[in-house]
Amino acid sequence: MRIIFIGPPGAGKGTQCKQLVDHLSVPHLSTGDMLREIRSERSSLGRLVASYIDMGRLAPDFLVVRIVEEFLRREQCNSGCMFDGFPRTLLQAQLLGEQLASRDDRISMVLNLDVDEDALVQRLLKRAEIEKRADDNAETIQQRLRVYHRQTSPLLDFYAQRGLVERIDGCQHPTAVFDQILDRVRARMG
Ligand code: ADP
C-alpha cells in the first residue's frame, strides 16, 4: 500500500501521516524531515538545502528524487510506505511513477488534506512560536503557499485523472480528521 499525502504547508500532513504510519505499521518518508536533517549538517550540500528551505522554495528535484530512491531501496519498503510532502512537483510525480512501475508497483491512493488559507497562516505562525522552524515566518509562509499553489496543487489533477484522490476536510479536530482518513483508507483497501 503506497499512500501520498498532499496538502498546503500547515494542513497537518506530518501529524496525520505519523498516526497513519503507526496504525498501518509501514515506513514513513517525510522529505521535509530528511531535508532538514541534511540542512543541519555543516556540509556544502547542507548549505545548498538551507538556501532553498529558508527561502520557502522547493529543494531541487534531482536531490529529492535521489533521497526517495534510496528510501525505496530499503527492504522494509517492499510492501508499502507513506509519502509525506513528496511528490511536490509534476516531475517528481512522474519519476516516482516510473520508479514504482519498474518494480510492478504503483500508488494506491492520494489523501488531499484541504484547509482554508486563513487557518493555514494562523497555524503556521503558531508553529513558528513553538518549534522555531527557520521557514515558519510571515514572509516565508506566504512564499510556501504560493509555491504550493503553483507547483504542487497541479498534482491533484494529475492523480485525480488516475482516480486516486480522496479529499479530506483538514479544518476539523485532528482526531476527526484521522477518523475520516481511516474511513477512506479502509474503503479503498478493503
Ligand atoms: P511544509 O509542508 O509545512 O512546507 P515540509 O516539512 O513538508 O513542511 O517541507 C519543508 C520544506 O522542505 C519545503 O518548504 C521545501 O523547501 C522542502 N521540501 C520538502 N519536501 C520537498 C519536496 N518533495 N521537493 C522539494 N522540496 C521539498
# chains A, B, ... in the order shown; residues from 1 in each chain; ligands from 1
$ select_by_dssp --residues "range 19-184 of chain A" --states "alpha helix (DSSP H)" --output "PyMOL selection string"
chain A and resi 19-24+31-40+44-53+61-73+90-101+117-131+138-147+154-160+174-184
$ write_last_selection --atoms "C-alpha atoms" --output "tab-separated table (two decimals), in the first residue's frame"
chain	number	residue	atom	x	y	z
A	19	GLN	CA	-0.65	8.49	13.07
A	20	LEU	CA	-1.43	6.51	9.94
A	21	VAL	CA	2.10	5.11	9.86
A	22	ASP	CA	1.67	3.86	13.45
A	23	HIS	CA	-1.71	2.42	12.62
A	24	LEU	CA	-0.63	0.58	9.47
A	31	THR	CA	11.15	14.59	2.53
A	32	GLY	CA	10.82	17.73	4.71
A	33	ASP	CA	12.31	15.90	7.73
A	34	MET	CA	15.06	14.36	5.60
A	35	LEU	CA	15.94	17.69	4.02
A	36	ARG	CA	16.03	19.36	7.44
A	37	GLU	CA	18.44	16.66	8.57
A	38	ILE	CA	20.71	17.34	5.59
A	39	ARG	CA	20.33	21.07	6.23
A	40	SER	CA	21.66	20.69	9.78
A	44	SER	CA	28.12	22.19	1.20
A	45	LEU	CA	25.01	20.10	0.48
A	46	GLY	CA	23.56	21.21	3.84
A	47	ARG	CA	24.15	24.84	2.92
A	48	LEU	CA	22.61	24.31	-0.51
A	49	VAL	CA	19.49	22.77	1.05
A	50	ALA	CA	19.27	25.61	3.60
A	51	SER	CA	19.32	28.17	0.82
A	52	TYR	CA	16.10	26.67	-0.57
A	53	ILE	CA	14.21	25.73	2.60
A	61	ASP	CA	14.10	17.74	-7.92
A	62	PHE	CA	17.30	15.76	-8.59
A	63	LEU	CA	18.21	15.84	-4.90
A	64	VAL	CA	14.76	14.96	-3.60
A	65	VAL	CA	14.35	12.15	-6.11
A	66	ARG	CA	17.70	10.69	-5.05
A	67	ILE	CA	16.63	10.72	-1.40
A	68	VAL	CA	13.41	8.91	-2.30
A	69	GLU	CA	15.21	6.36	-4.48
A	70	GLU	CA	17.44	5.42	-1.58
A	71	PHE	CA	14.50	5.17	0.76
A	72	LEU	CA	12.56	2.89	-1.59
A	73	ARG	CA	15.52	0.52	-1.86
A	90	LEU	CA	4.92	17.13	-11.61
A	91	LEU	CA	8.43	15.93	-12.46
A	92	GLN	CA	8.76	14.28	-9.02
A	93	ALA	CA	5.37	12.61	-9.53
A	94	GLN	CA	6.33	11.32	-12.97
A	95	LEU	CA	9.70	10.00	-11.79
A	96	LEU	CA	8.07	8.32	-8.78
A	97	GLY	CA	5.52	6.68	-11.08
A	98	GLU	CA	8.33	5.35	-13.30
A	99	GLN	CA	10.36	4.11	-10.35
A	100	LEU	CA	7.39	2.22	-8.97
A	101	ALA	CA	6.32	0.87	-12.37
A	117	GLU	CA	-5.82	29.72	3.69
A	118	ASP	CA	-6.51	31.91	6.76
A	119	ALA	CA	-6.46	28.89	9.04
A	120	LEU	CA	-3.18	27.73	7.47
A	121	VAL	CA	-1.43	31.02	8.12
A	122	GLN	CA	-2.65	31.06	11.74
A	123	ARG	CA	-1.42	27.51	12.32
A	124	LEU	CA	1.97	28.18	10.79
A	125	LEU	CA	2.51	31.34	12.81
A	126	LYS	CA	1.65	29.41	15.96
A	127	ARG	CA	4.05	26.63	14.97
A	128	ALA	CA	6.72	29.30	14.42
A	129	GLU	CA	6.46	30.25	18.11
A	130	ILE	CA	6.59	26.67	19.35
A	131	GLU	CA	9.01	24.87	17.03
A	138	ALA	CA	5.26	35.53	7.92
A	139	GLU	CA	7.20	36.17	4.71
A	140	THR	CA	8.30	32.61	4.06
A	141	ILE	CA	4.83	31.27	4.83
A	142	GLN	CA	3.34	33.36	2.00
A	143	GLN	CA	6.09	32.18	-0.33
A	144	ARG	CA	5.48	28.49	0.59
A	145	LEU	CA	1.75	28.91	-0.02
A	146	ARG	CA	2.47	30.44	-3.44
A	147	VAL	CA	4.86	27.58	-4.25
A	154	PRO	CA	-1.44	20.67	-10.12
A	155	LEU	CA	-0.57	17.19	-8.83
A	156	LEU	CA	-4.14	16.87	-7.61
A	157	ASP	CA	-5.36	16.92	-11.24
A	158	PHE	CA	-2.59	14.54	-12.26
A	159	TYR	CA	-3.69	11.98	-9.66
A	160	ALA	CA	-7.42	12.70	-9.99
A	174	PRO	CA	-7.13	16.24	14.40
A	175	THR	CA	-8.89	13.12	15.71
A	176	ALA	CA	-11.89	13.76	13.42
A	177	VAL	CA	-9.50	14.26	10.51
A	178	PHE	CA	-7.82	10.97	11.32
A	179	ASP	CA	-11.16	9.12	11.52
A	180	GLN	CA	-12.03	10.44	8.08
A	181	ILE	CA	-8.66	9.30	6.75
A	182	LEU	CA	-9.11	5.81	8.21
A	183	ASP	CA	-12.56	5.51	6.63
A	184	ARG	CA	-11.19	6.36	3.20
$ atom_distance --atom1 "CA of Pro8 in chain A" --atom2 "CA of Pro60 in chain A"
18.5 Å
$ closest_residue --among "A:Arg103, A:Arg133, A:Lys18, A:Arg162" --to "ligand 1" --atoms "only C-alpha atoms and all ligand atoms"
A:Arg133
$ atom_distance --atom1 "CA of Ala59 in chain A" --atom2 "CA of Asp136 in chain A"
16.2 Å
$ select_by_dssp --residues "chain A" --states "strand (DSSP E)" --output "NGL selection string"
:A and (2-6 or 28-30 or 81-84 or 109-114 or 165-169)
$ atom_distance --atom1 "CA of Val165 in chain A" --atom2 "CA of Lys13 in chain A"
14.9 Å
$ closest_residue --among "A:Gly170, A:Gly163, A:Gly190, A:Gly12" --to "ligand 1" --atoms "only C-alpha atoms and all ligand atoms"
A:Gly12
$ closest_residue --among "A:Asp104, A:Asp135, A:Glu75, A:Asp116" --to "ligand 1" --atoms "only C-alpha atoms and all ligand atoms"
A:Asp135
$ closest_residue --among "A:Ile4, A:Cys171, A:Leu58, A:Leu113" --to "ligand 1" --atoms "only C-alpha atoms and all ligand atoms"
A:Leu58
